[in-house]
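Everything below concerns the one structure shown next.
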Amino acid sequence: KAGVTQTPRYLIKTRGQQVTLSCSPISGHRSVSWYQQTPGQGLQFLFEYFSETQRNKGNFPGRFSGRQFSNSRSEMNVSTLELGDSALYLCASSLGAGGNYGYTFGSGTRLTVV
Amino acid sequence: KNEVEQSPQNLTAQEGEFITINCSYSVGISALHWLQQHPGGGIVSLFMLSSGKKKHGRLIATINIQEKHSSLHITASHPRDSAVYICAVEGGGADGLTFGKGTHLIIQP
């Protein structure tokens, strides 16, 4: 079966712009979570969506937002981009909320802010 | 907030050696995950543990809930095992996964 699909794979944006990243989970998975990975901070949890509702949110500013659609696909949006937002953004899908069923990760979107 | 510590940060070994990577955390958890990340960024989930021990091929993961400690072992290591291994914990008062900094493993032929 198809894995977790993230689009686009690479993105270059200018400081001040906004960006939207997409994540299509494995068919049947209802939970999607998002993570940011940087060389300095490592992997950090952004937020988790389950059945179109944000279930958890990490310690990130309000510029980072997300949503989940009825088909479980999720998008995350970063507004007013800063140079420090340059990172690998990963999403993971799970059958249920909270990861009790384990996670399947996408290949990530590498965002560069110039 | 859960603090997740991994050791060692970097490990270089010869093919065939037995490898151990350690992970400790500060607050009780509901589950611990071992992840593998290859160059290019893709992450593969290796194990999810809440107690005891799990084995998959040459990989073994153990967890001691009382000690707040987990280990990942690789038997008969191979150059294709070269990757970053990341420990992540769930629960313990934090939302979502809390990650360790990772162990960069290189297996030389």
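Every chain in the structure tokens takes a letter, A first, then B, and so on in the order presented; its residues are numbered from 1, and the ligands are numbered from 1 following the presented order.
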
Can I get the residues of chain A within 7 Å of chain B, each with the closest pair of atoms and their distance in Å to one decimal, using only C-alpha atoms, sorted chain first then ascending number, as a Markdown table?
| residue | atom | partner | partner_atom | distance |
| --- | --- | --- | --- | --- |
| A:Gly42 | CA | B:Lys101 | CA | 5.9 |
| A:Leu43 | CA | B:Phe99 | CA | 6.1 |
| A:Gln44 | CA | B:Thr98 | CA | 6.9 |
| A:Phe45 | CA | B:Gly96 | CA | 6.1 |
| A:Asn56 | CA | B:Asp95 | CA | 5.8 |
| A:Lys57 | CA | B:Asp95 | CA | 6.7 |
| A:Gly58 | CA | B:Asp95 | CA | 6.6 |
| A:Gly102 | CA | B:Met48 | CA | 6.4 |
| A:Tyr103 | CA | B:Ser45 | CA | 6.6 |
| A:Thr104 | CA | B:Ser45 | CA | 6.6 |
| A:Phe105 | CA | B:Ile43 | CA | 5.9 |
| A:Gly106 | CA | B:Gly42 | CA | 6.7 |
| A:Ser107 | CA | B:Gly42 | CA | 4.5 |
| A:Gly108 | CA | B:Gly42 | CA | 6.8 |

Output file for the residues above (N, CA, C and O atoms, as a CSV table (one decimal), in the first residue's frame):
chain,number,residue,atom,x,y,z
A,42,GLY,N,17.3,19.5,16.6
A,42,GLY,CA,16.9,18.2,16.4
A,42,GLY,C,15.5,18.1,16.0
A,42,GLY,O,14.9,19.1,15.4
A,43,LEU,N,14.8,17.0,16.3
A,43,LEU,CA,13.4,16.8,16.0
A,43,LEU,C,12.5,17.4,17.1
A,43,LEU,O,12.7,17.2,18.3
A,44,GLN,N,11.5,18.2,16.7
A,44,GLN,CA,10.6,18.8,17.6
A,44,GLN,C,9.2,18.6,17.1
A,44,GLN,O,8.9,18.7,15.9
A,45,PHE,N,8.3,18.3,18.1
A,45,PHE,CA,6.9,18.1,17.7
A,45,PHE,C,6.2,19.4,17.5
A,45,PHE,O,6.3,20.3,18.3
A,56,ASN,N,-3.1,17.9,19.8
A,56,ASN,CA,-1.9,18.3,20.6
A,56,ASN,C,-1.2,19.4,19.9
A,56,ASN,O,-1.2,19.4,18.6
A,57,LYS,N,-0.5,20.3,20.6
A,57,LYS,CA,0.3,21.3,19.9
A,57,LYS,C,1.6,21.4,20.7
A,57,LYS,O,1.6,21.5,21.9
A,58,GLY,N,2.7,21.5,20.0
A,58,GLY,CA,4.0,21.7,20.6
A,58,GLY,C,4.3,23.2,20.9
A,58,GLY,O,3.4,24.0,20.6
A,102,GLY,N,1.7,3.1,16.7
A,102,GLY,CA,3.0,3.4,16.0
A,102,GLY,C,2.8,4.4,15.0
A,102,GLY,O,1.7,4.8,14.6
A,103,TYR,N,3.9,4.9,14.4
A,103,TYR,CA,3.9,5.9,13.4
A,103,TYR,C,4.6,5.5,12.1
A,103,TYR,O,5.5,4.7,12.2
A,104,THR,N,4.1,6.0,11.0
A,104,THR,CA,4.8,5.8,9.7
A,104,THR,C,5.1,7.2,9.2
A,104,THR,O,4.2,8.0,9.1
A,105,PHE,N,6.4,7.5,8.9
A,105,PHE,CA,6.8,8.8,8.6
A,105,PHE,C,6.9,9.0,7.1
A,105,PHE,O,7.2,8.0,6.3
A,106,GLY,N,6.7,10.2,6.6
A,106,GLY,CA,6.9,10.6,5.3
A,106,GLY,C,8.4,10.9,5.1
A,106,GLY,O,9.2,10.9,6.0
A,107,SER,N,8.7,11.2,3.8
A,107,SER,CA,10.1,11.5,3.5
A,107,SER,C,10.5,13.0,3.8
A,107,SER,O,11.7,13.3,3.8
A,108,GLY,N,9.5,13.8,4.1
A,108,GLY,CA,9.8,15.1,4.5
A,108,GLY,C,9.8,16.2,3.4
A,108,GLY,O,9.9,15.8,2.2

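When DSSP is run on the backbone, the residues of chain A that fall into helix (DSSP H, G or I) are Leu83, Gly84, Asp85, Ala97, Gly98 and Gly99 of chain A.
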
Show which residues sit within 8 Å of range 67-84 of chain B, as number ranges by chain. Count only C-alpha atoms, and ignore same-chain residues fewer than 3 positions away.
B: 14-28, 34, 36-39, 58-64, 102-109

Any chance you could list, as a short mmCIF file (atom, residue, chain, number, x, y, z; two decimals) with N, CA, C and O atoms, in the first residue's frame, the residues in range 1-103 of chain B that come up strand (DSSP E or B) when DSSP is run on the backbone?
data_model
loop_
_atom_site.label_atom_id
_atom_site.label_comp_id
_atom_site.auth_asym_id
_atom_site.auth_seq_id
_atom_site.Cartn_x
_atom_site.Cartn_y
_atom_site.Cartn_z
N VAL B 4 15.15 13.63 27.30
CA VAL B 4 15.57 12.36 26.69
C VAL B 4 17.04 12.47 26.33
O VAL B 4 17.43 13.36 25.57
N GLU B 5 17.84 11.56 26.92
CA GLU B 5 19.27 11.56 26.68
C GLU B 5 19.67 10.27 25.97
O GLU B 5 19.28 9.19 26.39
N GLN B 6 20.45 10.43 24.93
CA GLN B 6 20.97 9.26 24.22
C GLN B 6 22.47 9.20 24.32
O GLN B 6 23.14 10.23 24.34
N SER B 7 23.00 7.99 24.34
CA SER B 7 24.45 7.81 24.30
C SER B 7 24.79 6.53 23.56
O SER B 7 24.01 5.56 23.62
N ASN B 10 28.00 9.62 18.89
CA ASN B 10 28.62 9.10 17.68
C ASN B 10 29.25 7.76 17.99
O ASN B 10 29.83 7.57 19.08
N LEU B 11 29.15 6.82 17.04
CA LEU B 11 29.72 5.49 17.24
C LEU B 11 30.20 4.96 15.90
O LEU B 11 29.42 4.90 14.95
N THR B 12 31.47 4.60 15.85
CA THR B 12 32.05 3.97 14.67
C THR B 12 32.50 2.58 15.07
O THR B 12 33.20 2.42 16.08
N ALA B 13 32.09 1.58 14.32
CA ALA B 13 32.41 0.20 14.65
C ALA B 13 32.74 -0.56 13.38
O ALA B 13 32.47 -0.10 12.27
N GLN B 14 33.33 -1.75 13.57
CA GLN B 14 33.66 -2.62 12.45
C GLN B 14 32.49 -3.56 12.16
O GLN B 14 31.74 -3.95 13.08
N ILE B 19 26.41 -3.90 18.66
CA ILE B 19 26.22 -2.46 18.90
C ILE B 19 25.15 -2.25 19.97
O ILE B 19 24.10 -2.91 19.95
N THR B 20 25.40 -1.33 20.87
CA THR B 20 24.40 -0.94 21.87
C THR B 20 24.26 0.57 21.89
O THR B 20 25.27 1.28 22.00
N ILE B 21 23.05 1.04 21.79
CA ILE B 21 22.72 2.47 21.90
C ILE B 21 21.75 2.62 23.08
O ILE B 21 20.81 1.83 23.21
N ASN B 22 22.02 3.59 23.92
CA ASN B 22 21.24 3.76 25.14
C ASN B 22 20.38 5.01 25.11
O ASN B 22 20.74 6.02 24.48
N CYS B 23 19.27 4.94 25.82
CA CYS B 23 18.33 6.07 25.90
C CYS B 23 17.77 6.12 27.32
O CYS B 23 17.31 5.10 27.84
N SER B 24 17.84 7.29 27.93
CA SER B 24 17.22 7.45 29.25
C SER B 24 16.30 8.66 29.21
O SER B 24 16.52 9.60 28.44
N TYR B 25 15.28 8.63 30.05
CA TYR B 25 14.32 9.71 30.08
C TYR B 25 13.99 10.05 31.52
O TYR B 25 14.25 9.25 32.42
N ALA B 31 4.90 5.17 26.12
CA ALA B 31 5.56 4.35 25.10
C ALA B 31 6.89 4.99 24.71
O ALA B 31 7.07 6.19 24.85
N LEU B 32 7.80 4.14 24.23
CA LEU B 32 9.09 4.61 23.73
C LEU B 32 9.27 4.06 22.32
O LEU B 32 8.93 2.91 22.03
N HIS B 33 9.78 4.92 21.45
CA HIS B 33 9.97 4.54 20.05
C HIS B 33 11.45 4.61 19.70
O HIS B 33 12.16 5.53 20.13
N TRP B 34 11.91 3.65 18.91
CA TRP B 34 13.23 3.72 18.29
C TRP B 34 13.03 3.95 16.80
O TRP B 34 12.28 3.22 16.14
N LEU B 35 13.72 4.97 16.29
CA LEU B 35 13.59 5.38 14.90
C LEU B 35 14.95 5.32 14.23
O LEU B 35 15.99 5.50 14.88
N GLN B 36 14.95 5.10 12.91
CA GLN B 36 16.18 5.08 12.13
C GLN B 36 16.05 6.12 11.02
O GLN B 36 15.02 6.16 10.32
N GLN B 37 17.09 6.95 10.89
CA GLN B 37 17.06 7.98 9.86
C GLN B 37 18.32 7.87 9.01
O GLN B 37 19.44 7.98 9.50
N ILE B 43 12.60 8.78 7.77
CA ILE B 43 12.62 8.11 9.08
C ILE B 43 11.80 6.84 9.01
O ILE B 43 10.68 6.83 8.49
N VAL B 44 12.39 5.78 9.57
CA VAL B 44 11.70 4.49 9.66
C VAL B 44 11.51 4.16 11.13
O VAL B 44 12.44 4.29 11.94
N SER B 45 10.30 3.77 11.49
CA SER B 45 10.03 3.36 12.87
C SER B 45 10.48 1.92 13.04
O SER B 45 10.03 1.03 12.32
N LEU B 46 11.39 1.69 14.01
CA LEU B 46 11.92 0.34 14.23
C LEU B 46 11.11 -0.41 15.28
O LEU B 46 10.75 -1.57 15.08
N PHE B 47 10.90 0.22 16.41
CA PHE B 47 10.19 -0.41 17.51
C PHE B 47 9.33 0.60 18.25
O PHE B 47 9.67 1.78 18.34
N MET B 48 8.24 0.09 18.83
CA MET B 48 7.47 0.83 19.83
C MET B 48 7.37 -0.08 21.04
O MET B 48 6.95 -1.23 20.93
N LEU B 49 7.81 0.44 22.21
CA LEU B 49 7.88 -0.38 23.42
C LEU B 49 7.13 0.29 24.54
O LEU B 49 7.24 1.50 24.73
N GLY B 52 9.30 -4.52 28.57
CA GLY B 52 9.98 -5.73 28.14
C GLY B 52 10.94 -5.57 26.98
O GLY B 52 11.80 -4.71 26.96
N LYS B 53 10.82 -6.46 26.01
CA LYS B 53 11.82 -6.61 24.97
C LYS B 53 11.13 -6.96 23.66
O LYS B 53 10.12 -7.67 23.65
N LYS B 54 11.67 -6.45 22.55
CA LYS B 54 11.18 -6.82 21.22
C LYS B 54 12.37 -7.11 20.32
O LYS B 54 13.45 -6.52 20.48
N LYS B 55 12.18 -8.01 19.38
CA LYS B 55 13.25 -8.41 18.45
C LYS B 55 12.70 -8.41 17.04
O LYS B 55 11.58 -8.87 16.78
N HIS B 56 13.52 -7.87 16.14
CA HIS B 56 13.14 -7.90 14.72
C HIS B 56 14.42 -8.09 13.94
O HIS B 56 15.24 -7.17 13.82
N LEU B 59 17.90 -6.75 15.13
CA LEU B 59 17.68 -5.65 16.06
C LEU B 59 16.90 -6.13 17.28
O LEU B 59 15.94 -6.89 17.15
N ILE B 60 17.35 -5.67 18.44
CA ILE B 60 16.68 -5.99 19.70
C ILE B 60 16.52 -4.69 20.48
O ILE B 60 17.46 -3.90 20.58
N ALA B 61 15.33 -4.46 21.02
CA ALA B 61 15.10 -3.28 21.85
C ALA B 61 14.56 -3.74 23.20
O ALA B 61 13.70 -4.62 23.26
N THR B 62 15.08 -3.13 24.25
CA THR B 62 14.62 -3.44 25.60
C THR B 62 14.25 -2.14 26.31
O THR B 62 14.76 -1.06 25.98
N ILE B 63 13.40 -2.26 27.29
CA ILE B 63 13.05 -1.10 28.10
C ILE B 63 12.88 -1.51 29.54
O ILE B 63 12.34 -2.59 29.83
N ASN B 64 13.40 -0.70 30.46
CA ASN B 64 13.24 -0.90 31.89
C ASN B 64 12.46 0.30 32.41
O ASN B 64 13.01 1.40 32.54
N HIS B 69 14.87 3.64 31.26
CA HIS B 69 16.01 3.41 30.38
C HIS B 69 15.65 2.39 29.32
O HIS B 69 14.92 1.43 29.57
N SER B 70 16.15 2.61 28.11
CA SER B 70 15.95 1.67 27.02
C SER B 70 17.26 1.50 26.26
O SER B 70 18.11 2.41 26.23
N SER B 71 17.44 0.33 25.68
CA SER B 71 18.61 0.07 24.84
C SER B 71 18.18 -0.50 23.51
O SER B 71 17.19 -1.25 23.43
N LEU B 72 18.93 -0.14 22.48
CA LEU B 72 18.76 -0.72 21.16
C LEU B 72 20.05 -1.47 20.84
O LEU B 72 21.15 -0.89 20.93
N HIS B 73 19.93 -2.75 20.51
CA HIS B 73 21.09 -3.56 20.18
C HIS B 73 21.01 -3.97 18.72
O HIS B 73 19.94 -4.28 18.21
N ILE B 74 22.18 -3.99 18.08
CA ILE B 74 22.29 -4.51 16.72
C ILE B 74 23.32 -5.63 16.77
O ILE B 74 24.47 -5.41 17.15
N ALA B 83 23.49 4.76 10.04
CA ALA B 83 22.34 5.66 10.03
C ALA B 83 22.35 6.42 11.36
O ALA B 83 23.21 6.19 12.22
N VAL B 84 21.38 7.32 11.51
CA VAL B 84 21.17 7.96 12.81
C VAL B 84 20.00 7.24 13.49
O VAL B 84 18.94 7.05 12.87
N TYR B 85 20.22 6.84 14.73
CA TYR B 85 19.19 6.15 15.51
C TYR B 85 18.66 7.11 16.57
O TYR B 85 19.43 7.70 17.33
N ILE B 86 17.34 7.27 16.58
CA ILE B 86 16.72 8.28 17.44
C ILE B 86 15.73 7.61 18.38
O ILE B 86 14.92 6.78 17.97
N CYS B 87 15.83 7.98 19.65
CA CYS B 87 14.90 7.51 20.67
C CYS B 87 13.85 8.61 20.86
O CYS B 87 14.19 9.79 20.90
N ALA B 88 12.59 8.23 20.96
CA ALA B 88 11.51 9.20 21.19
C ALA B 88 10.55 8.62 22.21
O ALA B 88 10.25 7.43 22.18
N VAL B 89 10.05 9.48 23.11
CA VAL B 89 9.14 9.01 24.14
C VAL B 89 7.80 9.71 24.02
O VAL B 89 7.70 10.85 23.52
N GLU B 90 6.79 9.05 24.50
CA GLU B 90 5.42 9.54 24.41
C GLU B 90 4.82 9.54 25.81
O GLU B 90 5.04 8.62 26.58
N LEU B 97 5.49 13.49 20.69
CA LEU B 97 6.75 12.81 20.93
C LEU B 97 7.82 13.81 21.39
O LEU B 97 7.88 14.93 20.90
N THR B 98 8.66 13.35 22.32
CA THR B 98 9.86 14.08 22.71
C THR B 98 11.04 13.24 22.26
O THR B 98 11.11 12.05 22.58
N PHE B 99 11.97 13.87 21.55
CA PHE B 99 13.04 13.14 20.89
C PHE B 99 14.38 13.32 21.59
O PHE B 99 14.68 14.39 22.13
N THR B 103 21.84 9.11 17.75
CA THR B 103 23.16 8.48 17.75
C THR B 103 23.55 8.24 16.30
O THR B 103 22.85 7.53 15.57
#
